[in-house]
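**Student:** First the structure, then my questions, so here it is.
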Amino acid sequence: MQTSRARLFKEYKEVQREKGADPDIQLVCDDSNIFKWTALIKGPSDTPFEGGVFQLAFAIPEQYPLQPPQVRFLTKIFHPNVHFKTGEICLDILKNAWSPAWTLQSVCRAIIALMAHPEPDSPLNCDSGNLLRSGDIRGYQSMARMYTRLAAMPKKG
Amino acid sequence: MQNNEEHVVDGEAESASSAPQPEFSDWAYYADEDTMKQPNEIPASESEKIPFVGDKEPLSALAAEYQSGSPILLEKIKLLGEKFAAIRRTRGDGNCFFRSFMFSYLEHILETQDKAEVDRITANVEECRRTLQGLGYIDFTFEDFFALFLEQLESVLQGHETSISHDDLLQRSRDPSVSDYVVMFFRFVTTGEIRKRSEFFEPFIMGLASSTVEQFCKSSVEPMGEESDHVHITALSDALGVPIRVVYLDRSSCDNGGVNVNHHDFVPSSGDSSGSSSSSSSKTTEPFIVLLYRPGHYDILYPK
């Protein structure tokens, strides 16, 4: 508990110091609880998520950084490796490939990379995975783009 | 897998059409989280029967384990008994090599009070720190693990306020907040050494599942619970400059039918990029860390 708090405080200071260094990621720590963070990440360009801003919720366990943070999408997203209802993310580094060498910031980068490079063979969203697996790239992209417009872009007017 | 089972259920329902339909509409009950957790939990509960680091046991405890087992193994255990007095088991949680090394090394320092060795390894640890920095690791990701190891090293040296006894060392080795942090320290050291000398290690790694040295380190060295093999042992031994003897207990026998127990000494290479660790009899000093390897697991051995 003490060590996880100390580590998170270092990450907090690093985030403050590096503010704006990565324009695609905005990590914010909860005002009253250092074990709760949120992040805003920009959908990567040349993907159906381009132009969207996606919110992530981090819940950090007491054994952090030996145990990975729990991360999920708060913004609805149509992606093979994200659960459509819960926002749960299927990513190895958030499960058995986690190591303390990762940081909250680099986890955000890994999630952005996952958005650009979906892994349709381990789907949490089967509809999305099946579109890609059957080679219907256009179908996948138009569905994903529609949900990006509906959920991840500011409403016009 | 779920699909297969559903087919079986369908088939059964058809053959006995009068029977009520089995209620398999509740597949949703098995959430993704449950299915993903399960394979990890079974070995975990099995391994939690013994502590991270066990008590010292006479070697006869090993023979008892194989009483109705292979005669070759029993013969080998008898031979082990000529040279070794005791065994200390470690938990089979994938960290057993690092955990065995941790306890064995700290216990050695506690018993010998070898200050020169402590100074020597401390210098190596500082070098490992620079290696990680050079590779682009952010300080705060590894510094806590380094600090905790150096703290343990200092506390096994007697005569300080923070000095600890052998019992304390055993307790700390069983406490995840110390033990897991030291294991993770070794994982950082190992990954740094492998990546620094990636050209040397590459041929040993390419045969394995990973496609690059970096990927190997990310998937098979840095995560807790990933098992160690020759590559990890060579890298740790080289990085810290500590020789390690591994005694092999398996069912192999010699061509002539005779049985003997093989061992391999990992001797740190002196240069940074040259040479490998290999069995060498030129060294006069025997490694003070002796581990027993049985396929998939390391324990600590105590010479007579």
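Ligands are numbered from 1 in the order shown, residues from 1 within each chain, and chains are lettered A, B, ... in the order they appear in the structure tokens.
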If you run DSSP over the backbone, which residues in chain A end up strand (DSSP E)? Put them as a ChimeraX atom specification.
**Tutor:** /A:25-29,36-42,53-59,70-73
**Student:** Report as a list in words all protein, DNA and RNA residues lying within 9 Å of A:Gly129, evaluated on only C-alpha atoms, omitting residues in the same chain fewer than 3 positions from it.
**Tutor:**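 The filter keeps His79, Pro80, Asn81, Pro118, Glu119, Pro120, Asp121, Ser122, Pro123, Leu124, Asn125, Cys126, Leu132, Arg133, Ser134 and Tyr140 of chain A.
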**Student:** Which of these, B:Arg245, B:His232, B:Arg187, B:His263, has the shortest distance to chain A once you count only C-alpha atoms?
**Tutor:**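 Using only C-alpha atoms, chain A sits closest to B:Arg187.
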**Student:** Which neighbours of A:Met143 fall inside 12 Å, counting only C-alpha atoms, when residues of the same chain fewer than 2 positions from it are skipped, and could you give them as a PDB file with all heavy atoms, in the first residue's frame?
**Tutor:**
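Output (part_18.pdb):
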```pdb
ATOM      1  N   THR A  47      -7.306   5.586 -38.777  1.00  0.00           N
ATOM      2  CA  THR A  47      -8.125   4.501 -38.243  1.00  0.00           C
ATOM      3  C   THR A  47      -9.551   5.030 -38.145  1.00  0.00           C
ATOM      4  O   THR A  47      -9.762   6.256 -38.191  1.00  0.00           O
ATOM      5  CB  THR A  47      -7.674   4.059 -36.829  1.00  0.00           C
ATOM      6  OG1 THR A  47      -8.050   5.082 -35.886  1.00  0.00           O
ATOM      7  CG2 THR A  47      -6.173   3.821 -36.756  1.00  0.00           C
ATOM      8  N   PRO A  48     -10.528   4.149 -37.987  1.00  0.00           N
ATOM      9  CA  PRO A  48     -11.916   4.645 -37.858  1.00  0.00           C
ATOM     10  C   PRO A  48     -12.137   5.429 -36.571  1.00  0.00           C
ATOM     11  O   PRO A  48     -13.226   5.978 -36.379  1.00  0.00           O
ATOM     12  CB  PRO A  48     -12.759   3.361 -37.877  1.00  0.00           C
ATOM     13  CG  PRO A  48     -11.830   2.218 -37.820  1.00  0.00           C
ATOM     14  CD  PRO A  48     -10.454   2.693 -38.102  1.00  0.00           C
ATOM     15  N   PHE A  49     -11.112   5.480 -35.716  1.00  0.00           N
ATOM     16  CA  PHE A  49     -11.255   6.194 -34.432  1.00  0.00           C
ATOM     17  C   PHE A  49     -10.698   7.613 -34.514  1.00  0.00           C
ATOM     18  O   PHE A  49     -10.766   8.375 -33.555  1.00  0.00           O
ATOM     19  CB  PHE A  49     -10.566   5.412 -33.312  1.00  0.00           C
ATOM     20  CG  PHE A  49     -10.971   3.957 -33.304  1.00  0.00           C
ATOM     21  CD1 PHE A  49     -10.082   2.973 -33.717  1.00  0.00           C
ATOM     22  CD2 PHE A  49     -12.256   3.577 -32.934  1.00  0.00           C
ATOM     23  CE1 PHE A  49     -10.465   1.634 -33.738  1.00  0.00           C
ATOM     24  CE2 PHE A  49     -12.650   2.249 -32.958  1.00  0.00           C
ATOM     25  CZ  PHE A  49     -11.747   1.277 -33.366  1.00  0.00           C
ATOM     26  N   ILE A  77     -16.976   2.139 -27.669  1.00  0.00           N
ATOM     27  CA  ILE A  77     -16.089   1.952 -28.803  1.00  0.00           C
ATOM     28  C   ILE A  77     -16.367   0.582 -29.435  1.00  0.00           C
ATOM     29  O   ILE A  77     -16.633  -0.391 -28.719  1.00  0.00           O
ATOM     30  CB  ILE A  77     -14.593   2.097 -28.391  1.00  0.00           C
ATOM     31  CG1 ILE A  77     -13.649   1.841 -29.582  1.00  0.00           C
ATOM     32  CG2 ILE A  77     -14.227   1.181 -27.235  1.00  0.00           C
ATOM     33  CD1 ILE A  77     -12.185   2.184 -29.297  1.00  0.00           C
ATOM     34  N   PHE A  78     -16.334   0.546 -30.765  1.00  0.00           N
ATOM     35  CA  PHE A  78     -16.564  -0.694 -31.510  1.00  0.00           C
ATOM     36  C   PHE A  78     -15.205  -1.224 -31.955  1.00  0.00           C
ATOM     37  O   PHE A  78     -14.641  -0.766 -32.956  1.00  0.00           O
ATOM     38  CB  PHE A  78     -17.469  -0.407 -32.717  1.00  0.00           C
ATOM     39  CG  PHE A  78     -17.879  -1.642 -33.483  1.00  0.00           C
ATOM     40  CD1 PHE A  78     -18.910  -2.465 -33.027  1.00  0.00           C
ATOM     41  CD2 PHE A  78     -17.240  -1.982 -34.676  1.00  0.00           C
ATOM     42  CE1 PHE A  78     -19.305  -3.596 -33.746  1.00  0.00           C
ATOM     43  CE2 PHE A  78     -17.623  -3.114 -35.390  1.00  0.00           C
ATOM     44  CZ  PHE A  78     -18.653  -3.920 -34.923  1.00  0.00           C
ATOM     45  N   HIS A  79     -14.672  -2.146 -31.181  1.00  0.00           N
ATOM     46  CA  HIS A  79     -13.313  -2.649 -31.416  1.00  0.00           C
ATOM     47  C   HIS A  79     -13.268  -4.100 -30.951  1.00  0.00           C
ATOM     48  O   HIS A  79     -13.828  -4.431 -29.908  1.00  0.00           O
ATOM     49  CB  HIS A  79     -12.315  -1.787 -30.619  1.00  0.00           C
ATOM     50  CG  HIS A  79     -10.874  -2.134 -30.844  1.00  0.00           C
ATOM     51  ND1 HIS A  79     -10.283  -3.263 -30.310  1.00  0.00           N
ATOM     52  CD2 HIS A  79      -9.898  -1.508 -31.551  1.00  0.00           C
ATOM     53  CE1 HIS A  79      -9.012  -3.298 -30.682  1.00  0.00           C
ATOM     54  NE2 HIS A  79      -8.759  -2.255 -31.439  1.00  0.00           N
ATOM     55  N   PRO A  80     -12.603  -4.987 -31.714  1.00  0.00           N
ATOM     56  CA  PRO A  80     -12.638  -6.420 -31.384  1.00  0.00           C
ATOM     57  C   PRO A  80     -12.163  -6.739 -29.964  1.00  0.00           C
ATOM     58  O   PRO A  80     -12.623  -7.706 -29.360  1.00  0.00           O
ATOM     59  CB  PRO A  80     -11.681  -7.053 -32.405  1.00  0.00           C
ATOM     60  CG  PRO A  80     -11.570  -6.096 -33.510  1.00  0.00           C
ATOM     61  CD  PRO A  80     -11.832  -4.735 -32.949  1.00  0.00           C
ATOM     62  N   ASP A 127     -18.800  -9.473 -32.701  1.00  0.00           N
ATOM     63  CA  ASP A 127     -19.324  -8.895 -33.944  1.00  0.00           C
ATOM     64  C   ASP A 127     -18.212  -8.151 -34.672  1.00  0.00           C
ATOM     65  O   ASP A 127     -18.016  -8.296 -35.868  1.00  0.00           O
ATOM     66  CB  ASP A 127     -20.474  -7.926 -33.640  1.00  0.00           C
ATOM     67  CG  ASP A 127     -21.679  -8.667 -33.092  1.00  0.00           C
ATOM     68  OD1 ASP A 127     -21.810  -9.864 -33.398  1.00  0.00           O
ATOM     69  OD2 ASP A 127     -22.462  -8.043 -32.350  1.00  0.00           O
ATOM     70  N   SER A 128     -17.479  -7.370 -33.889  1.00  0.00           N
ATOM     71  CA  SER A 128     -16.394  -6.599 -34.466  1.00  0.00           C
ATOM     72  C   SER A 128     -15.289  -7.524 -34.968  1.00  0.00           C
ATOM     73  O   SER A 128     -14.777  -7.358 -36.074  1.00  0.00           O
ATOM     74  CB  SER A 128     -15.861  -5.633 -33.400  1.00  0.00           C
ATOM     75  OG  SER A 128     -14.815  -4.877 -33.897  1.00  0.00           O
ATOM     76  N   GLY A 129     -14.944  -8.525 -34.161  1.00  0.00           N
ATOM     77  CA  GLY A 129     -13.900  -9.479 -34.542  1.00  0.00           C
ATOM     78  C   GLY A 129     -14.284 -10.252 -35.799  1.00  0.00           C
ATOM     79  O   GLY A 129     -13.458 -10.455 -36.691  1.00  0.00           O
ATOM     80  N   LEU A 131     -16.247  -9.384 -38.258  1.00  0.00           N
ATOM     81  CA  LEU A 131     -16.155  -8.563 -39.469  1.00  0.00           C
ATOM     82  C   LEU A 131     -14.721  -8.578 -40.001  1.00  0.00           C
ATOM     83  O   LEU A 131     -14.486  -8.775 -41.189  1.00  0.00           O
ATOM     84  CB  LEU A 131     -16.591  -7.121 -39.167  1.00  0.00           C
ATOM     85  CG  LEU A 131     -18.099  -6.866 -39.071  1.00  0.00           C
ATOM     86  CD1 LEU A 131     -18.354  -5.439 -38.601  1.00  0.00           C
ATOM     87  CD2 LEU A 131     -18.775  -7.104 -40.408  1.00  0.00           C
ATOM     88  N   LEU A 132     -13.756  -8.392 -39.087  1.00  0.00           N
ATOM     89  CA  LEU A 132     -12.363  -8.369 -39.521  1.00  0.00           C
ATOM     90  C   LEU A 132     -11.906  -9.749 -39.983  1.00  0.00           C
ATOM     91  O   LEU A 132     -11.210  -9.889 -40.975  1.00  0.00           O
ATOM     92  CB  LEU A 132     -11.459  -7.885 -38.381  1.00  0.00           C
ATOM     93  CG  LEU A 132     -11.357  -6.385 -38.184  1.00  0.00           C
ATOM     94  CD1 LEU A 132     -10.431  -6.070 -37.016  1.00  0.00           C
ATOM     95  CD2 LEU A 132     -10.831  -5.709 -39.447  1.00  0.00           C
ATOM     96  N   ASP A 136     -14.176  -8.363 -43.962  1.00  0.00           N
ATOM     97  CA  ASP A 136     -15.062  -7.238 -44.290  1.00  0.00           C
ATOM     98  C   ASP A 136     -14.523  -5.964 -43.634  1.00  0.00           C
ATOM     99  O   ASP A 136     -15.085  -5.439 -42.669  1.00  0.00           O
ATOM    100  CB  ASP A 136     -16.485  -7.542 -43.807  1.00  0.00           C
ATOM    101  CG  ASP A 136     -17.491  -6.504 -44.307  1.00  0.00           C
ATOM    102  OD1 ASP A 136     -17.066  -5.517 -44.955  1.00  0.00           O
ATOM    103  OD2 ASP A 136     -18.692  -6.685 -44.037  1.00  0.00           O
ATOM    104  N   ILE A 137     -13.413  -5.477 -44.179  1.00  0.00           N
ATOM    105  CA  ILE A 137     -12.748  -4.316 -43.593  1.00  0.00           C
ATOM    106  C   ILE A 137     -13.669  -3.091 -43.660  1.00  0.00           C
ATOM    107  O   ILE A 137     -13.760  -2.312 -42.716  1.00  0.00           O
ATOM    108  CB  ILE A 137     -11.428  -4.004 -44.346  1.00  0.00           C
ATOM    109  CG1 ILE A 137     -10.541  -5.266 -44.439  1.00  0.00           C
ATOM    110  CG2 ILE A 137     -10.653  -2.878 -43.657  1.00  0.00           C
ATOM    111  CD1 ILE A 137     -10.063  -5.801 -43.135  1.00  0.00           C
ATOM    112  N   ARG A 138     -14.365  -2.958 -44.813  1.00  0.00           N
ATOM    113  CA  ARG A 138     -15.253  -1.793 -44.959  1.00  0.00           C
ATOM    114  C   ARG A 138     -16.365  -1.810 -43.927  1.00  0.00           C
ATOM    115  O   ARG A 138     -16.695  -0.784 -43.335  1.00  0.00           O
ATOM    116  CB  ARG A 138     -15.871  -1.784 -46.367  1.00  0.00           C
ATOM    117  CG  ARG A 138     -15.104  -0.900 -47.336  1.00  0.00           C
ATOM    118  CD  ARG A 138     -15.770  -0.884 -48.679  1.00  0.00           C
ATOM    119  NE  ARG A 138     -16.983  -0.090 -48.718  1.00  0.00           N
ATOM    120  CZ  ARG A 138     -17.790  -0.027 -49.775  1.00  0.00           C
ATOM    121  NH1 ARG A 138     -17.517  -0.745 -50.858  1.00  0.00           N
ATOM    122  NH2 ARG A 138     -18.861   0.721 -49.751  1.00  0.00           N
ATOM    123  N   GLY A 139     -16.919  -2.992 -43.715  1.00  0.00           N
ATOM    124  CA  GLY A 139     -17.988  -3.129 -42.726  1.00  0.00           C
ATOM    125  C   GLY A 139     -17.494  -2.762 -41.334  1.00  0.00           C
ATOM    126  O   GLY A 139     -18.140  -2.011 -40.597  1.00  0.00           O
ATOM    127  N   TYR A 140     -16.307  -3.270 -40.992  1.00  0.00           N
ATOM    128  CA  TYR A 140     -15.718  -2.979 -39.679  1.00  0.00           C
ATOM    129  C   TYR A 140     -15.478  -1.484 -39.524  1.00  0.00           C
ATOM    130  O   TYR A 140     -15.857  -0.871 -38.523  1.00  0.00           O
ATOM    131  CB  TYR A 140     -14.409  -3.759 -39.506  1.00  0.00           C
ATOM    132  CG  TYR A 140     -13.513  -3.235 -38.405  1.00  0.00           C
ATOM    133  CD1 TYR A 140     -13.841  -3.457 -37.066  1.00  0.00           C
ATOM    134  CD2 TYR A 140     -12.355  -2.512 -38.700  1.00  0.00           C
ATOM    135  CE1 TYR A 140     -13.026  -2.967 -36.055  1.00  0.00           C
ATOM    136  CE2 TYR A 140     -11.546  -2.025 -37.701  1.00  0.00           C
ATOM    137  CZ  TYR A 140     -11.874  -2.245 -36.374  1.00  0.00           C
ATOM    138  OH  TYR A 140     -11.090  -1.761 -35.382  1.00  0.00           O
ATOM    139  N   GLN A 141     -14.860  -0.898 -40.568  1.00  0.00           N
ATOM    140  CA  GLN A 141     -14.505   0.520 -40.462  1.00  0.00           C
ATOM    141  C   GLN A 141     -15.735   1.416 -40.365  1.00  0.00           C
ATOM    142  O   GLN A 141     -15.740   2.383 -39.609  1.00  0.00           O
ATOM    143  CB  GLN A 141     -13.628   0.920 -41.641  1.00  0.00           C
ATOM    144  CG  GLN A 141     -12.253   0.265 -41.544  1.00  0.00           C
ATOM    145  CD  GLN A 141     -11.282   0.774 -42.576  1.00  0.00           C
ATOM    146  OE1 GLN A 141     -11.681   1.264 -43.630  1.00  0.00           O
ATOM    147  NE2 GLN A 141      -9.997   0.650 -42.292  1.00  0.00           N
ATOM    148  N   ARG A 145     -16.442   3.667 -37.242  1.00  0.00           N
ATOM    149  CA  ARG A 145     -16.484   5.110 -37.441  1.00  0.00           C
ATOM    150  C   ARG A 145     -17.818   5.688 -36.947  1.00  0.00           C
ATOM    151  O   ARG A 145     -17.856   6.747 -36.325  1.00  0.00           O
ATOM    152  CB  ARG A 145     -16.278   5.439 -38.923  1.00  0.00           C
ATOM    153  CG  ARG A 145     -15.881   6.883 -39.159  1.00  0.00           C
ATOM    154  CD  ARG A 145     -15.547   7.171 -40.623  1.00  0.00           C
ATOM    155  NE  ARG A 145     -14.390   6.434 -41.088  1.00  0.00           N
ATOM    156  CZ  ARG A 145     -14.419   5.537 -42.084  1.00  0.00           C
ATOM    157  NH1 ARG A 145     -15.552   5.266 -42.705  1.00  0.00           N
ATOM    158  NH2 ARG A 145     -13.324   4.913 -42.453  1.00  0.00           N
ATOM    159  N   MET A 146     -18.891   4.917 -37.166  1.00  0.00           N
ATOM    160  CA  MET A 146     -20.194   5.390 -36.712  1.00  0.00           C
ATOM    161  C   MET A 146     -20.202   5.572 -35.185  1.00  0.00           C
ATOM    162  O   MET A 146     -20.650   6.593 -34.676  1.00  0.00           O
ATOM    163  CB  MET A 146     -21.287   4.403 -37.131  1.00  0.00           C
ATOM    164  CG  MET A 146     -22.678   4.855 -36.718  1.00  0.00           C
ATOM    165  SD  MET A 146     -23.931   3.617 -37.070  1.00  0.00           S
ATOM    166  CE  MET A 146     -23.805   2.566 -35.636  1.00  0.00           C
ATOM    167  N   TYR A 147     -19.662   4.562 -34.489  1.00  0.00           N
ATOM    168  CA  TYR A 147     -19.664   4.685 -33.030  1.00  0.00           C
ATOM    169  C   TYR A 147     -18.699   5.767 -32.553  1.00  0.00           C
ATOM    170  O   TYR A 147     -18.935   6.419 -31.535  1.00  0.00           O
ATOM    171  CB  TYR A 147     -19.346   3.332 -32.379  1.00  0.00           C
ATOM    172  CG  TYR A 147     -20.576   2.456 -32.301  1.00  0.00           C
ATOM    173  CD1 TYR A 147     -20.739   1.364 -33.144  1.00  0.00           C
ATOM    174  CD2 TYR A 147     -21.598   2.762 -31.399  1.00  0.00           C
ATOM    175  CE1 TYR A 147     -21.882   0.584 -33.088  1.00  0.00           C
ATOM    176  CE2 TYR A 147     -22.748   1.987 -31.338  1.00  0.00           C
ATOM    177  CZ  TYR A 147     -22.879   0.901 -32.183  1.00  0.00           C
ATOM    178  OH  TYR A 147     -24.011   0.142 -32.124  1.00  0.00           O
ATOM    179  N   THR A 148     -17.614   5.973 -33.308  1.00  0.00           N
ATOM    180  CA  THR A 148     -16.705   7.072 -32.955  1.00  0.00           C
ATOM    181  C   THR A 148     -17.468   8.394 -33.035  1.00  0.00           C
ATOM    182  O   THR A 148     -17.399   9.230 -32.134  1.00  0.00           O
ATOM    183  CB  THR A 148     -15.488   7.104 -33.905  1.00  0.00           C
ATOM    184  OG1 THR A 148     -14.822   5.843 -33.847  1.00  0.00           O
ATOM    185  CG2 THR A 148     -14.510   8.201 -33.517  1.00  0.00           C
ATOM    186  N   ARG A 149     -18.247   8.566 -34.136  1.00  0.00           N
ATOM    187  CA  ARG A 149     -19.018   9.809 -34.314  1.00  0.00           C
ATOM    188  C   ARG A 149     -20.067   9.961 -33.228  1.00  0.00           C
ATOM    189  O   ARG A 149     -20.258  11.041 -32.669  1.00  0.00           O
ATOM    190  CB  ARG A 149     -19.708   9.805 -35.677  1.00  0.00           C
ATOM    191  CG  ARG A 149     -18.714   9.992 -36.795  1.00  0.00           C
ATOM    192  CD  ARG A 149     -19.337  10.775 -37.953  1.00  0.00           C
ATOM    193  NE  ARG A 149     -18.328  10.890 -39.000  1.00  0.00           N
ATOM    194  CZ  ARG A 149     -18.466  10.370 -40.209  1.00  0.00           C
ATOM    195  NH1 ARG A 149     -19.566   9.747 -40.554  1.00  0.00           N
ATOM    196  NH2 ARG A 149     -17.491  10.499 -41.102  1.00  0.00           N
ATOM    197  N   LEU A 150     -20.736   8.840 -32.925  1.00  0.00           N
ATOM    198  CA  LEU A 150     -21.841   8.909 -31.962  1.00  0.00           C
ATOM    199  C   LEU A 150     -21.343   9.169 -30.549  1.00  0.00           C
ATOM    200  O   LEU A 150     -21.965   9.914 -29.792  1.00  0.00           O
ATOM    201  CB  LEU A 150     -22.627   7.589 -31.970  1.00  0.00           C
ATOM    202  CG  LEU A 150     -23.591   7.374 -33.127  1.00  0.00           C
ATOM    203  CD1 LEU A 150     -24.194   5.981 -33.044  1.00  0.00           C
ATOM    204  CD2 LEU A 150     -24.698   8.433 -33.088  1.00  0.00           C
TER     205      LEU A 150
END
```
**Student:** Which residues of chain B come within 6 Å of chain A, and for each one, what is the closest pair of atoms and their distance in Å to one decimal, counting only C-alpha atoms, sorted by chain and residue number, as a Markdown table?
**Tutor:**
```
| residue | atom | partner | partner_atom | distance |
| --- | --- | --- | --- | --- |
| B:Thr141 | CA | A:Ala101 | CA | 5.2 |
| B:Ser219 | CA | A:Ala97 | CA | 5.7 |
| B:Glu222 | CA | A:Ser99 | CA | 5.7 |
| B:Pro223 | CA | A:Ser99 | CA | 4.6 |
```
**Student:** Given only C-alpha atoms as the basis, pick out the residue of A:Val53, A:Ala21, A:Ile112, A:Val28 nearest to A:Pro154.
**Tutor:**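 Nearest to A:Pro154: A:Val53.
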**Student:** Identify which of the residues A:Gln105, A:Ile111, A:Asp24, A:Asn130 lies closest to A:Gly51, counting only C-alpha atoms when measuring atom-to-atom distances.
**Tutor:**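 With only C-alpha atoms as the atom set, the closest residue is A:Asp24.
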**Student:** For atom CA of B:Asn262 and atom CA of B:Leu301, quote the distance in Å rounded to one decimal.
**Tutor:**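 Distance between the two atoms: 14.1 Å.
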**Student:** Can you tell me, as a PyMOL selection string, what residues are no more than 12 Å from B:Ala123 when counting only C-alpha atoms, ignoring any on the same chain fewer than 6 positions away?
**Tutor:** chain B and resi 116-117+129-130+150+239-241
**Student:** At a cut-off of 10 Å, using only C-alpha atoms, what residues contact B:Leu236? Leave out same-chain residues fewer than 4 positions from it and give the result as a list in words.
**Tutor:**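 Selected residues are Phe98, Phe101, Phe186, Arg187, Phe188, Val189, Thr190, Thr191, Gly192, Glu193, Ile194, His230, Val231, His232, Leu240, Gly241, Val242, Pro243, Ile244, Phe266 and Pro268 of chain B.
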**Student:** How many Å separate atom CA of B:Gly225 from atom CA of B:Phe204?
**Tutor:**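 Answer for the atom CA of B:Gly225 to atom CA of B:Phe204 separation: 20.7 Å.
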**Student:** Leaving out stretch 169-171 of chain B and any residue of its chain fewer than 6 positions from it, which residues lie within 9 Å of it when counting only C-alpha atoms, given as a PyMOL selection string?
**Tutor:** chain B and resi 53-55+103+106-107+110+152+156
**Student:** If you run DSSP on this backbone, which residues of stretch 152-265 of chain B come out as helix (DSSP H, G or I), and could you give them as a VMD selection string?
**Tutor:** chain B and resid 152 to 156 166 to 174 176 to 196 198 to 206 213 to 221 230 to 240
**Student:** If you keep C-alpha atoms, can you produce a file of those selected residues as an mmCIF file, in the first residue's frame?
**Tutor:**
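Below is the file that was written, part11.cif:
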```cif
data_model
loop_
_atom_site.group_PDB
_atom_site.id
_atom_site.type_symbol
_atom_site.label_atom_id
_atom_site.label_comp_id
_atom_site.auth_asym_id
_atom_site.auth_seq_id
_atom_site.Cartn_x
_atom_site.Cartn_y
_atom_site.Cartn_z
ATOM 1 C CA GLN B 152 18.298 -6.451 2.268
ATOM 2 C CA LEU B 153 21.993 -6.660 1.431
ATOM 3 C CA GLU B 154 22.828 -4.127 4.107
ATOM 4 C CA SER B 155 20.641 -5.733 6.732
ATOM 5 C CA VAL B 156 22.227 -9.188 6.456
ATOM 6 C CA HIS B 166 18.593 -15.786 9.900
ATOM 7 C CA ASP B 167 14.993 -16.155 11.086
ATOM 8 C CA ASP B 168 14.223 -12.603 9.998
ATOM 9 C CA LEU B 169 15.695 -13.358 6.583
ATOM 10 C CA LEU B 170 13.454 -16.387 6.240
ATOM 11 C CA GLN B 171 10.415 -14.353 7.292
ATOM 12 C CA ARG B 172 11.224 -11.594 4.805
ATOM 13 C CA SER B 173 11.718 -14.162 2.056
ATOM 14 C CA ARG B 174 8.177 -15.339 2.726
ATOM 15 C CA PRO B 176 5.509 -10.811 -0.648
ATOM 16 C CA SER B 177 6.224 -7.138 0.018
ATOM 17 C CA VAL B 178 9.932 -7.972 0.301
ATOM 18 C CA SER B 179 10.280 -11.254 -1.563
ATOM 19 C CA ASP B 180 8.370 -10.293 -4.703
ATOM 20 C CA TYR B 181 10.173 -6.955 -4.864
ATOM 21 C CA VAL B 182 13.575 -8.644 -4.748
ATOM 22 C CA VAL B 183 12.459 -11.156 -7.399
ATOM 23 C CA MET B 184 11.382 -8.223 -9.542
ATOM 24 C CA PHE B 185 14.755 -6.550 -8.935
ATOM 25 C CA PHE B 186 16.458 -9.641 -10.374
ATOM 26 C CA ARG B 187 14.081 -9.589 -13.336
ATOM 27 C CA PHE B 188 15.090 -5.987 -14.065
ATOM 28 C CA VAL B 189 18.771 -6.880 -13.785
ATOM 29 C CA THR B 190 18.291 -9.880 -16.081
ATOM 30 C CA THR B 191 16.361 -7.968 -18.715
ATOM 31 C CA GLY B 192 18.951 -5.177 -18.704
ATOM 32 C CA GLU B 193 21.814 -7.626 -19.211
ATOM 33 C CA ILE B 194 20.051 -9.511 -22.028
ATOM 34 C CA ARG B 195 19.114 -6.335 -23.878
ATOM 35 C CA LYS B 196 22.544 -4.742 -23.382
ATOM 36 C CA SER B 198 21.393 -8.644 -27.318
ATOM 37 C CA GLU B 199 23.797 -9.813 -30.037
ATOM 38 C CA PHE B 200 25.239 -12.403 -27.676
ATOM 39 C CA PHE B 201 21.870 -13.617 -26.408
ATOM 40 C CA GLU B 202 19.990 -13.444 -29.709
ATOM 41 C CA PRO B 203 20.958 -16.937 -30.989
ATOM 42 C CA PHE B 204 19.696 -18.519 -27.754
ATOM 43 C CA ILE B 205 16.415 -16.641 -27.907
ATOM 44 C CA MET B 206 15.603 -16.982 -31.600
ATOM 45 C CA VAL B 213 15.274 -9.987 -27.961
ATOM 46 C CA GLU B 214 13.192 -7.058 -26.759
ATOM 47 C CA GLN B 215 9.979 -9.022 -27.166
ATOM 48 C CA PHE B 216 11.510 -11.958 -25.290
ATOM 49 C CA CYS B 217 12.387 -9.659 -22.398
ATOM 50 C CA LYS B 218 8.932 -8.062 -22.382
ATOM 51 C CA SER B 219 7.111 -11.397 -22.421
ATOM 52 C CA SER B 220 9.433 -13.896 -20.710
ATOM 53 C CA VAL B 221 11.734 -11.974 -18.352
ATOM 54 C CA HIS B 230 19.586 -20.938 -19.293
ATOM 55 C CA VAL B 231 19.248 -17.482 -20.806
ATOM 56 C CA HIS B 232 17.962 -15.908 -17.579
ATOM 57 C CA ILE B 233 20.525 -17.679 -15.409
ATOM 58 C CA THR B 234 23.431 -16.727 -17.661
ATOM 59 C CA ALA B 235 22.317 -13.100 -17.761
ATOM 60 C CA LEU B 236 21.779 -12.777 -13.997
ATOM 61 C CA SER B 237 25.051 -14.497 -13.179
ATOM 62 C CA ASP B 238 26.956 -12.261 -15.607
ATOM 63 C CA ALA B 239 25.251 -9.034 -14.539
ATOM 64 C CA LEU B 240 25.824 -9.543 -10.820
#
```
**Student:** So what do you get for atom CA of B:Lys304 versus atom CA of B:Lys76, distance-wise?
**Tutor:**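 Atom CA of B:Lys76 lies 16.4 Å from atom CA of B:Lys304.
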